[in-house]
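All remarks here apply to the structure that follows.
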There are 2 protein chains.
Amino acid sequence: VTDLTSRSRPAHPPAQTDARRARPVVPGRRRRGLGIGELLLDEGFWGRRQATNAAATLQHCYDWMDRLGWLANFDRVAAGSTGGTRPGWQFSDSEVYKLLEALAWESGRSGDPELESMWEALVERIAAAQDEDGYLNTCYGHSHQPGRYTDLSSGHELYCYGHLFQAAVARLRCHGYDLLTEVARRAADHVCEVFGPDGRAGICGHPEIEMGLAELGRVLGEPRYTEQARLFLDRRGHGSLPPIPLLAPAYFQDDVPVRHAHVLRGHAVRALYLAAGAVDVAVDTGDRELLSAVEEQWATTVERRTYITGGMGSRHQEEGFGDDWELPPDRAYCETCAGIGSVMLSWRLQLATDDVRYADLIERTLFNVVAASPRSDGRAFFYANPLHQREPGTEVLPDAVNPRAEGGVRAPWFDVSCCPTNVARTLATWQTYAATVEEAGEQVLLTLAQYATGDLHIVTDRGRVVTLRVETAYPDDGHVRVMVLDVPSTVQLSLRLRVPHWAAGATLAAPDGQPYPVEPGWATVPGVLTAGEAVDLEIPMSPRLTGADPRVDAVRGTVAVERGPLVLCLESVDLPDGASLEQVRLLTTHVPAPTGDGALAQVRLERRPDPAPGTVPFHPVDPTATDPGGQASERAEDPTVAAVPLVPYHRWAERGPSTMRIFLPVT
Amino acid sequence: VTDLTSRSRPAHPPAQTDARRARPVVPGRRRRGLGIGELLLDEGFWGRRQATNAAATLQHCYDWMDRLGWLANFDRVAAGSTGGTRPGWQFSDSEVYKLLEALAWESGRSGDPELESMWEALVERIAAAQDEDGYLNTCYGHSHQPGRYTDLSSGHELYCYGHLFQAAVARLRCHGYDLLTEVARRAADHVCEVFGPDGRAGICGHPEIEMGLAELGRVLGEPRYTEQARLFLDRRGHGSLPPIPLLAPAYFQDDVPVRHAHVLRGHAVRALYLAAGAVDVAVDTGDRELLSAVEEQWATTVERRTYITGGMGSRHQEEGFGDDWELPPDRAYCETCAGIGSVMLSWRLQLATDDVRYADLIERTLFNVVAASPRSDGRAFFYANPLHQREPGTEVLPDAVNPRAEGGVRAPWFDVSCCPTNVARTLATWQTYAATVEEAGEQVLLTLAQYATGDLHIVTDRGRVVTLRVETAYPDDGHVRVMVLDVPSTVQLSLRLRVPHWAAGATLAAPDGQPYPVEPGWATVPGVLTAGEAVDLEIPMSPRLTGADPRVDAVRGTVAVERGPLVLCLESVDLPDGASLEQVRLLTTHVPAPTGDGALAQVRLERRPDPAPGTVPFHPVDPTATDPGGQASERAEDPTVAAVPLVPYHRWAERGPSTMRIFLPVT
């Protein structure tokens, strides 16, 4: 038996350290995601964001955590000088680990020496804070601190390890074994020792370690870690976590075991991380029942508890999922991290099942939640992503730590600052979601799932490199050209392209000929592709009107406008002088016309009398009126018609405080 | 100078201890509310509830607090044995005081010896826990407890005194000076000492002491207490309270001084209690600016932030007010205590201004929030009062302490159990809201503001007794008869009756003749009334359709049905077998017909296809459709028409778990 707690070089070195093929999720199946270096993005929607992330956001996150003392927390543990007031919440270590993960991916792709230095300096400080037995946390377990694992419900110690493991996995895959691998192994061994089959039957209030352990087990070939992840999963759902006042066990998914649940519920990020970890375990252990359970939960959650933006979690209270159909646009919480958790879950399911619906939701969420969070300079972020802003956000001071931004204004940093580093690691790994690769001998099936301009260098299992180029102005334009530049002579290359579920009327032109209609789903390019050939996919991008299932009561009598994968919105700064969003009624007889990346809509601006003073805002309805529920029309005075621009939701609030709505009342 | 800290009999005895005229709010103006013994209720809507409160709820509250150790907390302080785990939240003392207040009013009216014994036993235990210097709290300030006033933001010590003072005031007015008066005086003197003009400039995170001090000052003729209330008010709004993590200063109204605010915001109960205390101070100090500020806040809050039920506080998060027009029916928090706070505020404003709008809102709130909370047996309560229940509530165990009931099922007790005792003291004092009395010499103007069957014995300042009887089946029926039984020969009696703001077409028949139309507002009966005369008010009670201001986005395309002062709702238990609330569309061409205390509505039941699997619940809209926003109609299959009963909202969920909605989508 290998001595797993040994501090020597690992018994199982990582399977590969080709940084090009490095990626966060490696289930060890035939179908794999793209490596973060297999696609080099040009300037474009995602290329620009990834470059800003590398150039600005990583340093921004480092600076804030340095300034707030979250980094120095590690030094105090190392120096044995804990005690007094510790800066940051009990889970602030995880922020450092998420930054590390983002750094590992970005420097793995670019080799940027500044990012390398930042990595090394951070890892030294973290390693110095690890206890002899592998325990690592700056909030618990040392002098003048609460004891280790004394508050599993809220302490987040295991949660922090999960992020540590994901950072270590990133580095291992991009770079190879280093000091953080060592730290992560020791911590994982410690966790297996304390919480293993013969140890304490505890779980963490915030799921995350399941994913971390599963992936660390994969990269190190260490089944004990996978088994520990499975243990944590199976222990959950039996009400064993000590209650947090005023919170029900569903808050941290301790109400029903994962394999018996039918829908996601409770705190959205927790629910999504847990489900993602469950897919990892299900895939690694061949547990089809568990996988099916998560597939069902995903489907029900998407059909009934997910916003048009892909946002999840409709309740500010508990940052949680609401009941079915409870999707208020104004009080939508839609935490950025829940959007990221949704992408993580959908991605694992896409890899496991090849179902195009997962890629569809990933696209919706990336464009309308993840892309909405960072400001264009990468130095301020949305925490919550409401679909309707009634009051203009208050300007934040550039140097302020915000309590928890609930929409309106992007803020540089938060008290609970989970989102910025989560955005950073997600943007750094955007490539992995762009395509899947399946190989059988020299047969290579490339499936493009997300579109961006750039150069593809697919490195096959046998080390061959297939080179393609994708050119597109997506999502501003729906034309996607895929050019095959180089295919090694032994390789047989096939290609599939995703036709989004909303893209009625798409056409595909294969190398040999004329465009022909393709249905939403995976569109397979016929035959085997050779160098010099090109494929053209044309996705209709005209603005379209979208209504809600009538059970989504909160947006009855309204429609949204979408354009391609983008949800559009109307901001008050785009209204004629003196008009307010409350007056706007969309004229649906005129389908909005495309303009730039948005659309131009015809609206009626209605003035209406002030409410009756001192009475509740509910008034008698005339039952003989033709439209008694259509409050819009009956008291209007002097309606005027105007054309107003709708802009992509992801870039709202970039022109100062404004009010905003996605769902527009119709006339 | 009187020694205000003396433990001897008071320097200023209470102005009067005629239990009949006793009432919670005595601003010392010409216009006064009815005393709790001046109207003896027959069986009827409020009489039944008041009787149940006396017979069941008071004992129920006592038993729960006894069982949970909230009473014994006082004994431990008295015995010097504090330490270890203290049962209850830090504010649990206030629950005991609210029960005391309810006991004082109820036993003051009935003289019930069991209630008297309960009072005396409780007061003994409380008095024994008071420190030598007047400090009284079972959570702070003793051995192994946090120090006094170390957490003004969350500690609730001053809040608890406020409720103590209100209980002492009730007893003083109903009964006269007793041990609790002593306790309250010593506590109030201690507060003035510690937080007075030369003391610590602190305020309490939860307003309440302002009302308590003002009223204790009124009953004891002690201006120092009024001045202390004014001090607390003026200190507030300058951001001086240490922040609670993740909460903004608006949560406890420390963002803007009361006299400069324009609308209620933050935690609803806090906001309402603070505003009520501000009216007390404004009236006692002749501060017209402050009174006007609160009047404006009330009006704006009612016009934009108040539900059709009168419920206030649309957010579960922070139990707080939302933005203007943010009134979701499903996630309406509408805490029972906020409804009570709203009645307390409106009542003070009605007394101060004679404006009928305040009485209108009191009626709306009493019938649709306060009456909704207690189960018919008075032993279970709603904490939150949503207007739409999507999932049937889970049955509660009769012996369970519930975390915080958010709708669906009434629960016997809560972890944070503010509502049951608050309901108890409100029902015990229902009479005071029923009428105002104004006297000038022997001229007596009686204004009936709320209607219930019972005997009125108005005791004038000069000790004369005017006897009337009110007979009505209100709110089941709109006929109110007021019979003058006895008027002392020297008294000149005038009468006004409230015509509710929704009561178009009301008629009044004065003693001398035929019914004639009266407009909403105060309807004055012409002339002076003499014994043997009767007045008949006829208020139309046909069901009526009510729509929302179009800015209340969450209920667009729906209407509610009201009948008299009652908001009606549709419960799933009243639907035909197999039908669900999601299918219901109200046929507004048929105005619902009255039945019992509810109505019978014609609805269409629509079946619709299941959502598309694995996609978000938003679908393409055909812009050429006649009603593109009316999602209701476009995908309906096999509509059937049915007649369904609508029941008063206040008694929903009495027939087991159900789903419910007030606002019904229209066809």
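Simple scheme: letters A, B, ... for chains in structure tokens order, numbers from 1 for residues in each chain, numbers from 1 for ligands in the order shown.
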
Which residues are close to Thr285 (chain B), i.e. within 9 Å by only C-alpha atoms, leaving aside same-chain residues fewer than 4 positions away? Reply as a CSV table (one decimal) with N, CA, C and O atoms, in the first residue's frame.
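Written output follows (out.csv):
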```
chain,number,residue,atom,x,y,z
B,226,THR,N,-40.9,61.8,28.5
B,226,THR,CA,-41.2,62.3,27.1
B,226,THR,C,-39.9,62.9,26.5
B,226,THR,O,-39.6,62.6,25.3
B,227,GLU,N,-39.2,63.6,27.3
B,227,GLU,CA,-37.9,64.2,26.8
B,227,GLU,C,-36.9,63.1,26.4
B,227,GLU,O,-36.2,63.2,25.4
B,230,ARG,N,-37.9,61.8,23.1
B,230,ARG,CA,-37.5,62.8,22.1
B,230,ARG,C,-36.0,62.7,21.8
B,230,ARG,O,-35.6,62.7,20.6
B,280,ASP,N,-46.2,60.3,18.9
B,280,ASP,CA,-46.4,60.6,20.3
B,280,ASP,C,-45.6,61.8,20.8
B,280,ASP,O,-46.1,62.7,21.4
B,281,VAL,N,-44.3,61.8,20.4
B,281,VAL,CA,-43.4,62.9,20.8
B,281,VAL,C,-43.9,64.2,20.1
B,281,VAL,O,-43.9,65.3,20.8
```

Contacts of Ala435 (chain B) at 7 Å or less, counting only C-alpha atoms, minus same-chain residues fewer than 3 places along, as a list of chain:residue names?
B:Gly33, B:Leu34, B:Thr432, B:Leu446, B:Thr447, B:Leu448, B:Ala449, B:Gln450

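Proximity to chain A was assessed for B:Arg20, B:Arg315, B:His479, B:His650 counting only C-alpha atoms; the smallest distance is recorded for B:Arg315.
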
Quick check for you: according to DSSP on this backbone, which residues of region 210-439 of chain B are classed as alpha helix (DSSP H)? Reply as a PyMOL selection string.
chain B and resi 210-220+223-235+268-285+288-305+336-353+356-365+418-428+430-434

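In this structure, CA of Pro611 (chain A) sits 25.7 Å away from CA of Thr336 (chain B).
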
Find, counting only C-alpha atoms, the residue in A:Glu606, A:Glu303, A:Asp477, A:Asp66 that gets nearest to chain B.
A:Glu303

Selected residue of minimal separation from chain B among A:Arg496, A:His175, A:His590, A:Arg148, counting only C-alpha atoms
A:His590

With only C-alpha atoms as the counted atoms, please give the residues lying no more than 9 Å from His262 (chain A), apart from itself and same-chain residues fewer than 3 positions off, as a PyMOL selection string.
chain A and resi 258-259+293-294+296-298+300-301

Since we have the selection now, will you write its residues out, keeping N, CA and C atoms, as a PDB file, in the first residue's frame?
```pdb
ATOM      1  N   VAL A 258     -28.861  13.608  -1.942  1.00  0.00           N
ATOM      2  CA  VAL A 258     -28.752  14.023  -3.347  1.00  0.00           C
ATOM      3  C   VAL A 258     -29.447  13.034  -4.275  1.00  0.00           C
ATOM      4  N   ARG A 259     -29.255  11.780  -4.022  1.00  0.00           N
ATOM      5  CA  ARG A 259     -29.788  10.803  -4.989  1.00  0.00           C
ATOM      6  C   ARG A 259     -31.310  10.665  -4.893  1.00  0.00           C
ATOM      7  N   ALA A 293     -30.386  11.088 -11.167  1.00  0.00           N
ATOM      8  CA  ALA A 293     -31.027  11.969 -10.188  1.00  0.00           C
ATOM      9  C   ALA A 293     -30.614  13.414 -10.438  1.00  0.00           C
ATOM     10  N   VAL A 294     -29.341  13.634 -10.685  1.00  0.00           N
ATOM     11  CA  VAL A 294     -28.881  15.009 -10.916  1.00  0.00           C
ATOM     12  C   VAL A 294     -29.421  15.528 -12.247  1.00  0.00           C
ATOM     13  N   GLU A 296     -32.256  14.840 -13.573  1.00  0.00           N
ATOM     14  CA  GLU A 296     -33.642  15.240 -13.327  1.00  0.00           C
ATOM     15  C   GLU A 296     -33.699  16.557 -12.560  1.00  0.00           C
ATOM     16  N   GLN A 297     -32.852  16.680 -11.548  1.00  0.00           N
ATOM     17  CA  GLN A 297     -32.840  17.928 -10.769  1.00  0.00           C
ATOM     18  C   GLN A 297     -32.496  19.115 -11.659  1.00  0.00           C
ATOM     19  N   TRP A 298     -31.527  18.915 -12.523  1.00  0.00           N
ATOM     20  CA  TRP A 298     -31.137  19.993 -13.439  1.00  0.00           C
ATOM     21  C   TRP A 298     -32.330  20.371 -14.311  1.00  0.00           C
ATOM     22  N   THR A 300     -35.606  19.908 -14.001  1.00  0.00           N
ATOM     23  CA  THR A 300     -36.715  20.551 -13.295  1.00  0.00           C
ATOM     24  C   THR A 300     -36.345  21.964 -12.871  1.00  0.00           C
ATOM     25  N   THR A 301     -35.124  22.112 -12.426  1.00  0.00           N
ATOM     26  CA  THR A 301     -34.668  23.438 -11.993  1.00  0.00           C
ATOM     27  C   THR A 301     -34.636  24.409 -13.167  1.00  0.00           C
TER      28      THR A 301
END
```

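Nearest residue to chain B, choosing from A:Lys98, A:Arg375, A:Arg31, A:Arg364 and counting only C-alpha atoms: A:Arg364.
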
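Distance annotation: of B:Val621, B:Ala579, B:Leu99, B:Val616, the residue with the minimal separation from Tyr358 (chain A) is B:Val616; atom set is only C-alpha atoms.
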
Which is closest to chain B among A:Ala612, A:Cys204, A:Ala128, A:Val465, if we use only C-alpha atoms?
A:Ala612

Would you mind writing down, as an MDAnalysis selection string, each residue of region 174-404 of chain A that DSSP on the backbone assigns to strand (DSSP E)?
chainID A and resid 388:389 401:402

Those residues with N, CA and C atoms, as a PDB file, in the first residue's frame please?
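For reference, selection.pdb as written:
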```pdb
ATOM      1  N   HIS A 388     -34.679  43.579 -13.142  1.00  0.00           N
ATOM      2  CA  HIS A 388     -35.462  44.810 -13.127  1.00  0.00           C
ATOM      3  C   HIS A 388     -34.939  45.642 -11.982  1.00  0.00           C
ATOM      4  N   GLN A 389     -34.489  46.839 -12.293  1.00  0.00           N
ATOM      5  CA  GLN A 389     -33.960  47.725 -11.258  1.00  0.00           C
ATOM      6  C   GLN A 389     -34.913  48.901 -11.129  1.00  0.00           C
ATOM      7  N   VAL A 401     -15.329  48.803   0.350  1.00  0.00           N
ATOM      8  CA  VAL A 401     -15.773  47.412   0.442  1.00  0.00           C
ATOM      9  C   VAL A 401     -17.279  47.465   0.599  1.00  0.00           C
ATOM     10  N   ASN A 402     -18.002  46.825  -0.292  1.00  0.00           N
ATOM     11  CA  ASN A 402     -19.458  46.904  -0.256  1.00  0.00           C
ATOM     12  C   ASN A 402     -20.036  45.733   0.513  1.00  0.00           C
TER      13      ASN A 402
END
```

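Excluding Gln350 (chain B) and any residue on its chain fewer than 3 positions from it, the residues at most 10 Å away by only C-alpha atoms are Arg31, Arg32, Gly33, Met344, Leu345, Ser346, Trp347, Thr353, Asp354, Asp355, Val356, Arg357, Tyr358, Ala359, Asp360, Ile362, Tyr433 and Thr436 of chain B.
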
Spatial neighbours of Gln317 (chain A), max dist 10 Å, only C-alpha atoms, sep filter under 2 positions, as a PDB file with C-alpha atoms, in the first residue's frame:
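Contents of selection02.pdb, freshly written:
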```pdb
ATOM      1  CA  LEU A 247     -32.454  28.490   8.512  1.00  0.00           C
ATOM      2  CA  GLY A 266     -31.960  26.108  -0.710  1.00  0.00           C
ATOM      3  CA  HIS A 267     -28.868  28.273  -1.105  1.00  0.00           C
ATOM      4  CA  GLY A 313     -31.732  31.719  -7.115  1.00  0.00           C
ATOM      5  CA  SER A 314     -34.741  34.013  -6.979  1.00  0.00           C
ATOM      6  CA  ARG A 315     -34.581  34.799  -3.283  1.00  0.00           C
ATOM      7  CA  GLU A 319     -29.527  33.528  -1.406  1.00  0.00           C
ATOM      8  CA  GLY A 320     -31.700  30.665  -2.465  1.00  0.00           C
ATOM      9  CA  PHE A 321     -33.946  29.009  -4.958  1.00  0.00           C
ATOM     10  CA  GLY A 322     -37.623  29.855  -4.670  1.00  0.00           C
ATOM     11  CA  TYR A 333     -31.007  37.458  -6.704  1.00  0.00           C
TER      12      TYR A 333
ATOM     13  CA  ARG B 315     -39.221  41.590   1.610  1.00  0.00           C
ATOM     14  CA  HIS B 316     -38.381  38.496   3.572  1.00  0.00           C
ATOM     15  CA  GLN B 317     -34.811  39.680   3.564  1.00  0.00           C
ATOM     16  CA  GLU B 318     -34.495  42.075   6.470  1.00  0.00           C
ATOM     17  CA  GLU B 319     -38.262  41.649   7.056  1.00  0.00           C
TER      18      GLU B 319
END
```

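When the distance limit is 10 Å and only C-alpha atoms are what count, the residues near Arg462 (chain A), minus those fewer than 4 positions from it on the same chain, are Glu439, Gly441 and Glu442 of chain A.
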
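The space separating CA of Gly407 (chain B) from CA of Asn385 (chain B) comes to 5.8 Å.
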